[in-house]
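Here is final.cif, consisting of mmCIF, C-alpha atoms:
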data_query
#
loop_
_atom_site.label_atom_id
_atom_site.label_comp_id
_atom_site.auth_asym_id
_atom_site.auth_seq_id
_atom_site.Cartn_x
_atom_site.Cartn_y
_atom_site.Cartn_z
CA MET A 1 -39.41 -7.75 -71.07
CA LYS A 2 -37.78 -9.05 -74.26
CA ILE A 3 -36.19 -12.50 -74.41
CA SER A 4 -32.70 -10.95 -74.21
CA GLU A 5 -33.68 -9.08 -71.03
CA LEU A 6 -35.28 -12.20 -69.59
CA GLY A 7 -32.10 -14.21 -70.22
CA ARG A 8 -29.90 -11.53 -68.71
CA ALA A 9 -32.08 -11.16 -65.61
CA ALA A 10 -32.00 -14.92 -64.94
CA GLY A 11 -28.36 -15.41 -65.95
CA VAL A 12 -29.32 -17.83 -68.74
CA PRO A 13 -28.02 -17.48 -72.35
CA VAL A 14 -30.75 -16.69 -74.92
CA PRO A 15 -30.23 -19.95 -76.92
CA THR A 16 -30.82 -21.87 -73.69
CA VAL A 17 -34.00 -19.86 -73.01
CA LYS A 18 -35.19 -20.74 -76.54
CA TYR A 19 -34.43 -24.40 -75.88
CA TYR A 20 -36.55 -24.36 -72.69
CA LEU A 21 -39.38 -22.70 -74.71
CA ARG A 22 -39.18 -25.41 -77.38
CA GLU A 23 -39.16 -28.12 -74.69
CA GLY A 24 -42.23 -26.54 -73.10
CA LEU A 25 -40.52 -26.04 -69.74
CA LEU A 26 -41.15 -22.32 -70.13
CA LEU A 27 -44.55 -21.09 -71.41
CA PRO A 28 -44.55 -18.89 -74.55
CA GLY A 29 -44.51 -15.10 -74.01
CA THR A 30 -47.18 -12.73 -75.27
CA PRO A 31 -46.58 -12.18 -79.02
CA THR A 32 -45.89 -8.56 -80.12
CA ALA A 33 -44.70 -9.21 -83.70
CA PRO A 34 -44.26 -12.34 -85.92
CA ASN A 35 -40.91 -13.20 -84.32
CA GLN A 36 -41.15 -11.31 -81.03
CA ALA A 37 -42.78 -11.79 -77.67
CA VAL A 38 -42.67 -10.17 -74.26
CA TYR A 39 -42.14 -12.03 -71.01
CA SER A 40 -43.40 -11.37 -67.50
CA ASP A 41 -42.02 -11.74 -63.98
CA ALA A 42 -43.70 -15.14 -63.87
CA HIS A 43 -41.43 -16.23 -66.72
CA LEU A 44 -38.42 -14.89 -64.87
CA HIS A 45 -39.29 -16.83 -61.71
CA ARG A 46 -39.87 -20.01 -63.69
CA LEU A 47 -36.57 -19.57 -65.54
CA ARG A 48 -34.69 -19.04 -62.26
CA LEU A 49 -36.24 -22.22 -60.90
CA ILE A 50 -35.22 -24.19 -64.02
CA ARG A 51 -31.71 -22.80 -63.68
CA ALA A 52 -31.51 -23.82 -60.04
CA LEU A 53 -32.73 -27.33 -60.87
CA ARG A 54 -30.30 -27.69 -63.78
CA GLU A 55 -27.15 -25.99 -62.53
CA VAL A 56 -27.35 -26.36 -58.79
CA GLY A 57 -29.28 -29.61 -58.63
CA GLY A 58 -27.65 -31.16 -61.70
CA LEU A 59 -31.03 -32.48 -62.87
CA ARG A 60 -31.62 -33.76 -66.39
CA ILE A 61 -34.32 -32.11 -68.52
CA ALA A 62 -36.73 -35.02 -67.93
CA GLN A 63 -36.30 -34.62 -64.16
CA VAL A 64 -36.79 -30.85 -64.39
CA ARG A 65 -40.04 -31.51 -66.24
CA GLU A 66 -41.17 -33.93 -63.53
CA VAL A 67 -40.54 -31.36 -60.78
CA LEU A 68 -42.24 -28.57 -62.74
CA ASP A 69 -45.26 -30.80 -63.39
CA ALA A 70 -45.58 -31.37 -59.65
CA VAL A 71 -45.30 -27.60 -59.04
CA ASP A 72 -47.96 -26.81 -61.65
CA ASP A 73 -50.44 -29.49 -60.60
CA GLU A 74 -52.28 -27.83 -57.72
CA GLY A 75 -53.79 -31.24 -56.99
CA VAL A 76 -50.39 -32.40 -55.73
CA PRO A 77 -50.10 -31.44 -52.05
CA THR A 78 -47.13 -29.24 -51.10
CA HIS A 79 -45.53 -31.97 -49.08
CA ARG A 80 -45.58 -34.45 -51.98
CA MET A 81 -44.31 -31.77 -54.37
CA LEU A 82 -41.29 -31.19 -52.13
CA GLY A 83 -40.80 -34.95 -52.04
CA VAL A 84 -40.66 -35.08 -55.85
CA ALA A 85 -37.95 -32.40 -55.87
CA HIS A 86 -36.03 -34.11 -53.08
CA ARG A 87 -36.15 -37.48 -54.79
CA ALA A 88 -35.06 -36.06 -58.16
CA LEU A 89 -32.04 -34.55 -56.39
CA GLY A 90 -31.22 -37.78 -54.61
CA SER A 91 -31.73 -40.33 -57.37
CA SER A 92 -28.66 -42.48 -57.50
CA GLY A 93 -28.89 -44.45 -60.73
CA ALA A 94 -29.84 -48.03 -61.36
CA ASP A 95 -29.96 -50.72 -58.70
CA GLY A 96 -27.79 -53.79 -58.94
CA PRO A 97 -28.21 -56.90 -56.80
CA VAL A 98 -28.01 -56.04 -53.10
CA PRO A 99 -25.24 -57.80 -51.13
CA PRO A 100 -26.41 -59.35 -47.84
CA ASP A 101 -24.52 -56.87 -45.64
CA VAL A 102 -26.15 -53.96 -47.50
CA ALA A 103 -29.60 -55.50 -47.04
CA GLN A 104 -28.87 -55.95 -43.32
CA ALA A 105 -27.66 -52.34 -43.01
CA ARG A 106 -30.87 -51.08 -44.65
CA VAL A 107 -32.94 -52.96 -42.11
CA ASP A 108 -30.77 -51.59 -39.28
CA VAL A 109 -31.18 -48.03 -40.58
CA ASP A 110 -34.95 -48.46 -40.85
CA VAL A 111 -35.13 -49.67 -37.25
CA TRP A 112 -32.89 -46.84 -36.07
CA LEU A 113 -34.97 -44.17 -37.85
CA GLU A 114 -38.13 -45.67 -36.40
CA LYS A 115 -36.59 -45.54 -32.92
CA ARG A 116 -35.59 -41.92 -33.44
CA GLY A 117 -39.16 -41.12 -34.41
CA TRP A 118 -38.43 -39.66 -37.83
CA THR A 119 -41.25 -40.24 -40.31
CA VAL A 120 -39.62 -40.70 -43.70
CA SER A 121 -40.98 -42.38 -46.83
CA ALA A 122 -39.73 -45.92 -47.40
CA GLU A 123 -38.16 -45.04 -50.76
CA ALA A 124 -36.25 -41.91 -49.66
CA PRO A 125 -32.79 -42.13 -51.31
CA ALA A 126 -31.20 -40.79 -48.11
CA ARG A 127 -32.21 -44.01 -46.31
CA ARG A 128 -30.00 -45.95 -48.70
CA ALA A 129 -27.20 -43.43 -48.48
CA LEU A 130 -27.20 -43.82 -44.71
CA ALA A 131 -27.19 -47.62 -45.01
CA GLU A 132 -24.21 -47.38 -47.35
CA ALA A 133 -22.31 -45.31 -44.81
CA LEU A 134 -23.08 -48.00 -42.22
CA VAL A 135 -21.82 -50.73 -44.56
CA ALA A 136 -18.59 -48.80 -45.14
CA LEU A 137 -17.98 -48.58 -41.38
CA ARG A 138 -18.64 -52.30 -40.94
CA ARG A 139 -16.49 -53.38 -43.87
CA LEU A 140 -13.62 -51.32 -42.49
CA GLY A 141 -14.01 -52.94 -39.07
CA ARG A 142 -14.92 -49.55 -37.57
CA GLY A 143 -17.87 -50.57 -35.46
CA GLY A 144 -21.18 -50.34 -37.21
CA ASP A 145 -23.82 -49.57 -34.61
CA PRO A 146 -26.22 -47.05 -36.19
CA ASP A 147 -26.15 -45.17 -32.86
CA ALA A 148 -22.83 -43.81 -34.10
CA PHE A 149 -24.99 -41.52 -36.23
CA THR A 150 -26.83 -40.03 -33.25
CA PRO A 151 -24.55 -37.00 -32.69
CA TYR A 152 -24.81 -36.22 -36.40
CA ALA A 153 -28.59 -36.55 -36.36
CA ASP A 154 -28.73 -34.26 -33.31
CA ALA A 155 -26.56 -31.69 -35.09
CA VAL A 156 -28.77 -31.50 -38.18
CA GLU A 157 -32.16 -31.89 -36.55
CA HIS A 158 -32.50 -28.25 -35.40
CA LEU A 159 -31.00 -27.07 -38.66
CA ALA A 160 -33.54 -29.01 -40.71
CA ALA A 161 -36.43 -27.82 -38.56
CA ASP A 162 -35.40 -24.19 -39.09
CA GLU A 163 -34.89 -24.76 -42.81
CA VAL A 164 -38.33 -26.25 -43.24
CA ALA A 165 -39.93 -23.54 -41.09
CA SER A 166 -38.49 -20.89 -43.44
CA ILE A 167 -40.18 -22.38 -46.53
CA PRO A 168 -43.13 -20.16 -47.52
CA GLN A 169 -46.41 -22.00 -47.05
CA GLY A 170 -48.23 -20.65 -50.10
CA ALA A 171 -45.82 -20.08 -52.99
CA ARG A 172 -45.23 -23.54 -54.48
CA ALA A 173 -42.56 -22.64 -57.03
CA GLU A 174 -40.63 -20.64 -54.45
CA ALA A 175 -40.88 -23.52 -52.00
CA VAL A 176 -39.36 -25.89 -54.55
CA GLU A 177 -36.60 -23.40 -55.37
CA ARG A 178 -35.75 -23.11 -51.68
CA VAL A 179 -35.66 -26.89 -51.32
CA VAL A 180 -33.34 -27.28 -54.31
CA VAL A 181 -31.00 -24.48 -53.34
CA GLY A 182 -31.18 -25.40 -49.67
CA THR A 183 -30.51 -29.07 -50.29
CA VAL A 184 -27.66 -28.70 -52.73
CA VAL A 185 -25.94 -25.42 -51.87
CA PHE A 186 -26.21 -25.62 -48.10
CA GLU A 187 -25.28 -29.31 -48.23
CA ALA A 188 -22.00 -28.34 -49.90
CA ALA A 189 -21.59 -25.56 -47.34
CA LEU A 190 -22.24 -27.92 -44.42
CA VAL A 191 -19.62 -30.39 -45.65
CA ALA A 192 -17.06 -27.63 -46.21
CA LEU A 193 -17.72 -26.10 -42.79
CA ARG A 194 -17.27 -29.44 -41.04
CA ARG A 195 -13.87 -29.86 -42.68
CA LEU A 196 -12.86 -26.32 -41.76
CA ALA A 197 -13.99 -26.83 -38.16
CA GLN A 198 -12.06 -30.12 -38.02
CA GLU A 199 -8.90 -28.43 -39.25
CA HIS A 200 -9.34 -25.62 -36.74
CA HIS A 201 -9.79 -28.01 -33.82
CA SER A 202 -7.11 -30.46 -34.92
CA ARG A 203 -4.67 -27.55 -35.17
CA SER A 204 -5.14 -26.78 -31.49
CA ARG A 205 -5.20 -30.45 -30.39
CA PHE A 206 -2.12 -31.49 -32.31
CA ALA A 207 -0.27 -28.19 -32.19
CA GLY A 208 2.66 -29.77 -30.31
CA GLY A 209 3.17 -32.62 -32.74
CA MET B 1 -0.30 -65.02 -41.72
CA LYS B 2 -0.15 -65.98 -45.39
CA ILE B 3 -0.97 -63.51 -48.14
CA SER B 4 -4.37 -65.18 -48.68
CA GLU B 5 -5.20 -64.75 -44.98
CA LEU B 6 -3.97 -61.17 -45.03
CA GLY B 7 -6.20 -60.37 -48.00
CA ARG B 8 -9.22 -62.03 -46.44
CA ALA B 9 -8.72 -60.27 -43.10
CA ALA B 10 -8.55 -56.85 -44.79
CA GLY B 11 -11.24 -57.58 -47.39
CA VAL B 12 -8.79 -57.02 -50.25
CA PRO B 13 -8.39 -59.53 -53.17
CA VAL B 14 -4.93 -61.19 -53.29
CA PRO B 15 -4.03 -59.76 -56.75
CA THR B 16 -4.66 -56.27 -55.32
CA VAL B 17 -2.45 -57.06 -52.31
CA LYS B 18 0.29 -58.14 -54.73
CA TYR B 19 -0.13 -54.91 -56.67
CA TYR B 20 0.32 -52.85 -53.49
CA LEU B 21 3.46 -54.89 -52.71
CA ARG B 22 4.89 -54.21 -56.19
CA GLU B 23 4.06 -50.51 -55.84
CA GLY B 24 5.83 -50.43 -52.48
CA LEU B 25 2.75 -49.20 -50.61
CA LEU B 26 2.94 -52.36 -48.51
CA LEU B 27 6.33 -53.56 -47.19
CA PRO B 28 7.40 -57.12 -48.13
CA GLY B 29 6.58 -59.89 -45.65
CA THR B 30 9.16 -62.13 -43.99
CA PRO B 31 10.23 -64.78 -46.55
CA THR B 32 9.59 -68.43 -45.58
CA ALA B 33 10.22 -70.09 -48.96
CA PRO B 34 11.30 -68.90 -52.46
CA ASN B 35 7.76 -67.81 -53.34
CA GLN B 36 6.22 -67.44 -49.89
CA ALA B 37 6.22 -64.92 -47.08
CA VAL B 38 4.33 -64.31 -43.85
CA TYR B 39 2.71 -61.08 -42.87
CA SER B 40 2.14 -59.44 -39.50
CA ASP B 41 -0.59 -57.38 -37.87
CA ALA B 42 1.33 -54.30 -38.96
CA HIS B 43 0.76 -55.37 -42.57
CA LEU B 44 -2.92 -55.85 -41.86
CA HIS B 45 -3.28 -52.37 -40.38
CA ARG B 46 -1.43 -50.82 -43.29
CA LEU B 47 -3.57 -52.72 -45.79
CA ARG B 48 -6.76 -51.58 -44.05
CA LEU B 49 -5.54 -47.99 -44.21
CA ILE B 50 -4.75 -48.30 -47.93
CA ARG B 51 -8.19 -49.77 -48.50
CA ALA B 52 -9.86 -46.90 -46.62
CA LEU B 53 -7.90 -44.34 -48.63
CA ARG B 54 -8.69 -46.04 -51.93
CA GLU B 55 -12.28 -47.20 -51.52
CA VAL B 56 -13.71 -44.77 -49.04
CA GLY B 57 -11.59 -41.74 -49.89
CA GLY B 58 -11.43 -42.45 -53.63
CA LEU B 59 -7.74 -41.54 -53.69
CA ARG B 60 -5.46 -42.37 -56.61
CA ILE B 61 -2.37 -44.51 -55.95
CA ALA B 62 -0.09 -41.46 -56.09
CA GLN B 63 -2.20 -39.73 -53.45
CA VAL B 64 -2.21 -42.85 -51.26
CA ARG B 65 1.57 -42.85 -51.48
CA GLU B 66 1.70 -39.19 -50.45
CA VAL B 67 -0.46 -39.82 -47.38
CA LEU B 68 1.52 -42.95 -46.39
CA ASP B 69 4.79 -41.04 -46.77
CA ALA B 70 3.49 -38.42 -44.35
CA VAL B 71 2.39 -41.17 -41.92
CA ASP B 72 5.81 -42.87 -42.09
CA ASP B 73 7.92 -39.75 -41.77
CA GLU B 74 8.03 -39.18 -38.02
CA GLY B 75 9.53 -35.76 -38.75
CA VAL B 76 6.14 -34.64 -40.06
CA PRO B 77 4.07 -33.39 -37.09
CA THR B 78 0.70 -35.11 -36.54
CA HIS B 79 -1.23 -31.99 -37.39
CA ARG B 80 0.50 -31.59 -40.75
CA MET B 81 0.08 -35.31 -41.49
CA LEU B 82 -3.68 -34.99 -40.96
CA GLY B 83 -3.60 -31.94 -43.21
CA VAL B 84 -1.98 -34.01 -45.99
CA ALA B 85 -4.77 -36.60 -45.72
CA HIS B 86 -7.46 -33.92 -45.61
CA ARG B 87 -6.10 -32.14 -48.63
CA ALA B 88 -5.76 -35.36 -50.65
CA LEU B 89 -9.45 -36.05 -49.93
CA GLY B 90 -10.48 -32.56 -50.88
CA SER B 91 -8.43 -31.96 -54.01
CA SER B 92 -10.77 -30.78 -56.71
CA GLY B 93 -8.79 -30.99 -59.91
CA ALA B 94 -7.12 -28.30 -62.00
CA ASP B 95 -7.79 -24.60 -61.63
CA GLY B 96 -9.16 -22.59 -64.50
CA PRO B 97 -9.29 -18.81 -64.61
CA VAL B 98 -11.24 -17.43 -61.63
CA PRO B 99 -14.31 -15.31 -62.51
CA PRO B 100 -14.50 -12.01 -60.58
CA ASP B 101 -17.52 -13.05 -58.49
CA VAL B 102 -15.69 -16.22 -57.40
CA ALA B 103 -12.62 -14.20 -56.42
CA GLN B 104 -14.85 -11.84 -54.42
CA ALA B 105 -16.60 -14.76 -52.70
CA ARG B 106 -13.22 -16.24 -51.70
CA VAL B 107 -12.25 -12.95 -50.07
CA ASP B 108 -15.62 -12.78 -48.31
CA VAL B 109 -15.23 -16.35 -46.99
CA ASP B 110 -11.72 -15.58 -45.76
CA VAL B 111 -12.97 -12.52 -43.88
CA TRP B 112 -15.91 -14.47 -42.45
CA LEU B 113 -13.68 -17.34 -41.24
CA GLU B 114 -11.31 -14.83 -39.68
CA LYS B 115 -14.23 -13.17 -37.86
CA ARG B 116 -15.43 -16.56 -36.62
CA GLY B 117 -11.97 -17.24 -35.25
CA TRP B 118 -11.30 -20.46 -37.12
CA THR B 119 -7.64 -20.98 -37.92
CA VAL B 120 -7.49 -22.78 -41.25
CA SER B 121 -4.65 -22.98 -43.75
CA ALA B 122 -4.96 -20.62 -46.72
CA GLU B 123 -4.97 -23.47 -49.26
CA ALA B 124 -7.63 -25.67 -47.57
CA PRO B 125 -9.91 -26.96 -50.38
CA ALA B 126 -12.95 -26.46 -48.10
CA ARG B 127 -12.37 -22.67 -48.24
CA ARG B 128 -12.95 -22.79 -51.97
CA ALA B 129 -15.92 -25.13 -51.65
CA LEU B 130 -17.54 -22.67 -49.25
CA ALA B 131 -16.82 -19.78 -51.61
CA GLU B 132 -18.47 -21.74 -54.43
CA ALA B 133 -21.59 -22.25 -52.35
CA LEU B 134 -21.65 -18.49 -51.72
CA VAL B 135 -21.30 -17.79 -55.45
CA ALA B 136 -24.18 -20.17 -56.21
CA LEU B 137 -26.43 -18.30 -53.74
CA ARG B 138 -25.49 -14.96 -55.25
CA ARG B 139 -25.92 -16.05 -58.85
CA LEU B 140 -29.39 -17.37 -58.01
CA GLY B 141 -30.32 -14.07 -56.40
CA ARG B 142 -30.68 -15.82 -53.03
CA GLY B 143 -28.87 -13.33 -50.82
CA GLY B 144 -25.21 -14.02 -50.44
CA ASP B 145 -24.15 -12.80 -47.02
CA PRO B 146 -21.71 -15.37 -45.61
CA ASP B 147 -23.53 -15.02 -42.28
CA ALA B 148 -26.14 -17.32 -43.85
CA PHE B 149 -23.60 -20.06 -43.05
CA THR B 150 -23.54 -19.31 -39.33
CA PRO B 151 -26.26 -21.78 -38.24
CA TYR B 152 -24.49 -24.49 -40.25
CA ALA B 153 -21.14 -23.63 -38.73
CA ASP B 154 -22.70 -23.73 -35.26
CA ALA B 155 -24.21 -27.16 -36.00
CA VAL B 156 -20.91 -28.73 -37.05
CA GLU B 157 -18.59 -26.97 -34.63
CA HIS B 158 -19.35 -29.21 -31.62
CA LEU B 159 -19.40 -32.25 -33.87
CA ALA B 160 -15.96 -31.47 -35.26
CA ALA B 161 -14.53 -30.77 -31.81
CA ASP B 162 -15.74 -34.16 -30.59
CA GLU B 163 -14.45 -35.90 -33.70
CA VAL B 164 -11.00 -34.41 -33.31
CA ALA B 165 -10.95 -35.15 -29.56
CA SER B 166 -11.58 -38.84 -30.35
CA ILE B 167 -8.49 -39.13 -32.58
CA PRO B 168 -5.78 -41.06 -30.72
CA GLN B 169 -2.83 -38.82 -29.94
CA GLY B 170 -0.08 -41.36 -30.47
CA ALA B 171 -0.95 -43.82 -33.25
CA ARG B 172 -0.28 -41.94 -36.47
CA ALA B 173 -1.65 -44.51 -38.94
CA GLU B 174 -4.79 -44.97 -36.90
CA ALA B 175 -5.23 -41.20 -36.70
CA VAL B 176 -5.09 -40.94 -40.49
CA GLU B 177 -7.50 -43.83 -40.90
CA ARG B 178 -9.95 -42.12 -38.55
CA VAL B 179 -9.64 -38.87 -40.46
CA VAL B 180 -10.29 -40.58 -43.79
CA VAL B 181 -13.20 -42.65 -42.58
CA GLY B 182 -14.56 -39.81 -40.49
CA THR B 183 -14.32 -37.29 -43.27
CA VAL B 184 -15.81 -39.39 -46.03
CA VAL B 185 -18.20 -41.82 -44.35
CA PHE B 186 -19.61 -39.49 -41.72
CA GLU B 187 -19.83 -36.72 -44.30
CA ALA B 188 -22.12 -38.92 -46.38
CA ALA B 189 -24.04 -39.80 -43.22
CA LEU B 190 -24.41 -36.14 -42.24
CA VAL B 191 -25.81 -35.21 -45.66
CA ALA B 192 -28.24 -38.15 -45.63
CA LEU B 193 -29.39 -37.36 -42.09
CA ARG B 194 -30.08 -33.73 -42.98
CA ARG B 195 -32.29 -34.82 -45.86
CA LEU B 196 -34.13 -37.32 -43.66
CA ALA B 197 -34.66 -34.70 -40.96
CA GLN B 198 -35.93 -32.24 -43.59
CA GLU B 199 -38.41 -34.77 -44.88
CA HIS B 200 -39.59 -35.57 -41.36
CA HIS B 201 -40.11 -31.90 -40.49
CA SER B 202 -41.64 -30.95 -43.84
CA ARG B 203 -44.11 -33.80 -43.46
CA SER B 204 -45.47 -32.28 -40.26
CA ARG B 205 -45.33 -28.68 -41.54
CA PHE B 206 -47.06 -29.38 -44.84
CA ALA B 207 -49.23 -32.26 -43.71
CA GLY B 208 -52.38 -30.35 -44.63
CA GLY B 209 -51.35 -29.58 -48.19
#

Re-express the file's structure as structure tokens.
Amino acid sequence: MKISELGRAAGVPVPTVKYYLREGLLLPGTPTAPNQAVYSDAHLHRLRLIRALREVGGLRIAQVREVLDAVDDEGVPTHRMLGVAHRALGSSGADGPVPPDVAQARVDVDVWLEKRGWTVSAEAPARRALAEALVALRRLGRGGDPDAFTPYADAVEHLAADEVASIPQGARAEAVERVVVGTVVFEAALVALRRLAQEHHSRSRFAGG
Amino acid sequence: MKISELGRAAGVPVPTVKYYLREGLLLPGTPTAPNQAVYSDAHLHRLRLIRALREVGGLRIAQVREVLDAVDDEGVPTHRMLGVAHRALGSSGADGPVPPDVAQARVDVDVWLEKRGWTVSAEAPARRALAEALVALRRLGRGGDPDAFTPYADAVEHLAADEVASIPQGARAEAVERVVVGTVVFEAALVALRRLAQEHHSRSRFAGG
């Protein structure tokens, strides 16, 4: 297909496609004339993945490159490749000094995860996010035992198992795309659904006043 | 207690307490001398609520005022008061023109919620958030049937029912505080836990490569 058809099929404007070509995120097409080339389905899949990383995941170009490098390097095992994508999505900026209650909460979260039997890398950004939630509860005087998270962990555990089981074992690029879309889009959906369910239930509980 | 003790107990700097007093978010204390007043536990609870709305909920002063007005006006039924808090937390800025696929997704989400039997106000921001997730799936060519949300809705439904059941029926301010903290803090926790569970399960699924 021509570059205009490629752009249309992926929902990406042609100048943006040209930018990805210049940046080397997308491999050149097969030349057909001095200023023309044709592109294959492989280009289309790659472009869709870049779009998902950029628009859905909000990744910067350097982060997109990092994820694509992990996809392309067959020496990187699938599990580590997914980890690269996950971490790019979860990176939360620079670290300042850590207040003592935050440091304590991180330790408490680590112990709690260990007790639950979840094997998670030490530098997973979600560990810190969970510790921050714990700190917020404690600072507000709203308890602060990590066991408060147990019903939430139970609720997502089956979900996560099914999500992971649906990731194709062979196709690396597709696996990354599923992780990105699954993480970001279904995360937004999960949050919205919880609020909708809360409103529904609070309507019946507080209907009288 | 003195203003310095009040601030310390709520974890709010004294200049900020004075600002809330000037803005009328916090009622004046009982005067004891020309430039001194004492504050009660009611002040402390109110200050904690303001802090939760500001720091955890990220609300602007005008939105805090709106929520507090709903708390104070006993004529506002509990359910509507919680709705005010929920909506302040979920407000997503100004509306631009709505592209046709977004409009279609909103209709599809409305039909899907109706089918599920959830009673939710027409202007709930979470309706739109869910529609945006649906649009993202469709634009990425990743299906786009709202039934894809069903496992997520199932996972949060019990959670939401339990959360709502734990809200005290009488104490209005405490109910709002629980809604704010519950919505924001446990939302962050839920998202983090899903990512941790995904990593745990993907580690075992892709352990070999």

Q.
Would you mind listing, as a ChimeraX atom specification, all residues of chain A that have at least one atom within 6 Å of chain B, where all atoms listed in the file are what counts?
A. /A:77-79,118-120,126,130,133,152-153,155-157,160-161,164,185,189-190,192-194,197-198,200-202,206,209

Q) Separation of CA of Asp145 (chain B) and CA of Arg106 (chain B), in Å? A) 12.4 Å

Q: Would you work out the distance separating CA of Asp41 (chain A) from CA of Gly24 (chain A), expressed in Å to one decimal?
A: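 Computing the Euclidean distance for CA of Asp41 (chain A) and CA of Gly24 (chain A) yields 17.4 Å.
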
**Q.** Interatomic distance, CA of Met1 (chain A) to CA of Leu21 (chain A) (Å, one decimal)
**A.**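 Separating CA of Met1 (chain A) from CA of Leu21 (chain A) is a distance of 15.4 Å.
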
Q) Using all atoms listed in the file, which residues sit within 12 Å of Ser4 (chain A) once same-chain residues fewer than 2 positions away are excluded, as a list in words? A)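 Non-adjacent residues within range: Met1, Lys2, Leu6, Gly7, Arg8, Ala9, Ala10, Gly11, Val12, Pro13, Val14, Pro15, Thr16, Val17, Lys18, Gln36, Ala37, Val38, Tyr39 and Leu44 of chain A.
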
Place N, CA, C and O atoms on region 12-25 of chain A and deliver the coordinates as a CSV table (one decimal), in the frame of the given file.
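Result written to rebuild.csv:
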chain,number,residue,atom,x,y,z
A,12,VAL,N,-29.2,-16.7,-67.8
A,12,VAL,CA,-29.3,-17.8,-68.7
A,12,VAL,C,-29.1,-17.3,-70.2
A,12,VAL,O,-29.8,-16.4,-70.6
A,13,PRO,N,-28.2,-17.9,-71.0
A,13,PRO,CA,-28.0,-17.5,-72.4
A,13,PRO,C,-29.3,-17.6,-73.2
A,13,PRO,O,-30.1,-18.6,-73.0
A,14,VAL,N,-29.5,-16.7,-74.1
A,14,VAL,CA,-30.8,-16.7,-74.9
A,14,VAL,C,-31.0,-18.0,-75.7
A,14,VAL,O,-32.1,-18.5,-75.7
A,15,PRO,N,-30.0,-18.7,-76.3
A,15,PRO,CA,-30.2,-20.0,-76.9
A,15,PRO,C,-30.8,-21.0,-75.9
A,15,PRO,O,-31.6,-21.8,-76.3
A,16,THR,N,-30.3,-20.9,-74.7
A,16,THR,CA,-30.8,-21.9,-73.7
A,16,THR,C,-32.3,-21.6,-73.3
A,16,THR,O,-33.1,-22.5,-73.2
A,17,VAL,N,-32.6,-20.3,-73.3
A,17,VAL,CA,-34.0,-19.9,-73.0
A,17,VAL,C,-34.9,-20.4,-74.1
A,17,VAL,O,-36.0,-21.0,-73.9
A,18,LYS,N,-34.4,-20.3,-75.4
A,18,LYS,CA,-35.2,-20.7,-76.5
A,18,LYS,C,-35.4,-22.3,-76.5
A,18,LYS,O,-36.4,-22.8,-76.8
A,19,TYR,N,-34.3,-22.9,-76.0
A,19,TYR,CA,-34.4,-24.4,-75.9
A,19,TYR,C,-35.5,-24.8,-74.9
A,19,TYR,O,-36.3,-25.7,-75.1
A,20,TYR,N,-35.5,-24.1,-73.7
A,20,TYR,CA,-36.6,-24.4,-72.7
A,20,TYR,C,-38.0,-24.1,-73.2
A,20,TYR,O,-38.9,-24.8,-72.9
A,21,LEU,N,-38.1,-23.0,-74.1
A,21,LEU,CA,-39.4,-22.7,-74.7
A,21,LEU,C,-39.8,-23.8,-75.6
A,21,LEU,O,-40.9,-24.3,-75.6
A,22,ARG,N,-38.9,-24.3,-76.5
A,22,ARG,CA,-39.2,-25.4,-77.4
A,22,ARG,C,-39.6,-26.7,-76.6
A,22,ARG,O,-40.5,-27.4,-77.0
A,23,GLU,N,-38.9,-26.9,-75.5
A,23,GLU,CA,-39.2,-28.1,-74.7
A,23,GLU,C,-40.4,-28.0,-73.9
A,23,GLU,O,-40.9,-28.9,-73.2
A,24,GLY,N,-41.0,-26.8,-73.9
A,24,GLY,CA,-42.2,-26.5,-73.1
A,24,GLY,C,-42.0,-26.4,-71.6
A,24,GLY,O,-43.0,-26.4,-70.8
A,25,LEU,N,-40.8,-26.2,-71.2
A,25,LEU,CA,-40.5,-26.0,-69.7
A,25,LEU,C,-40.9,-24.6,-69.3
A,25,LEU,O,-41.3,-24.4,-68.2
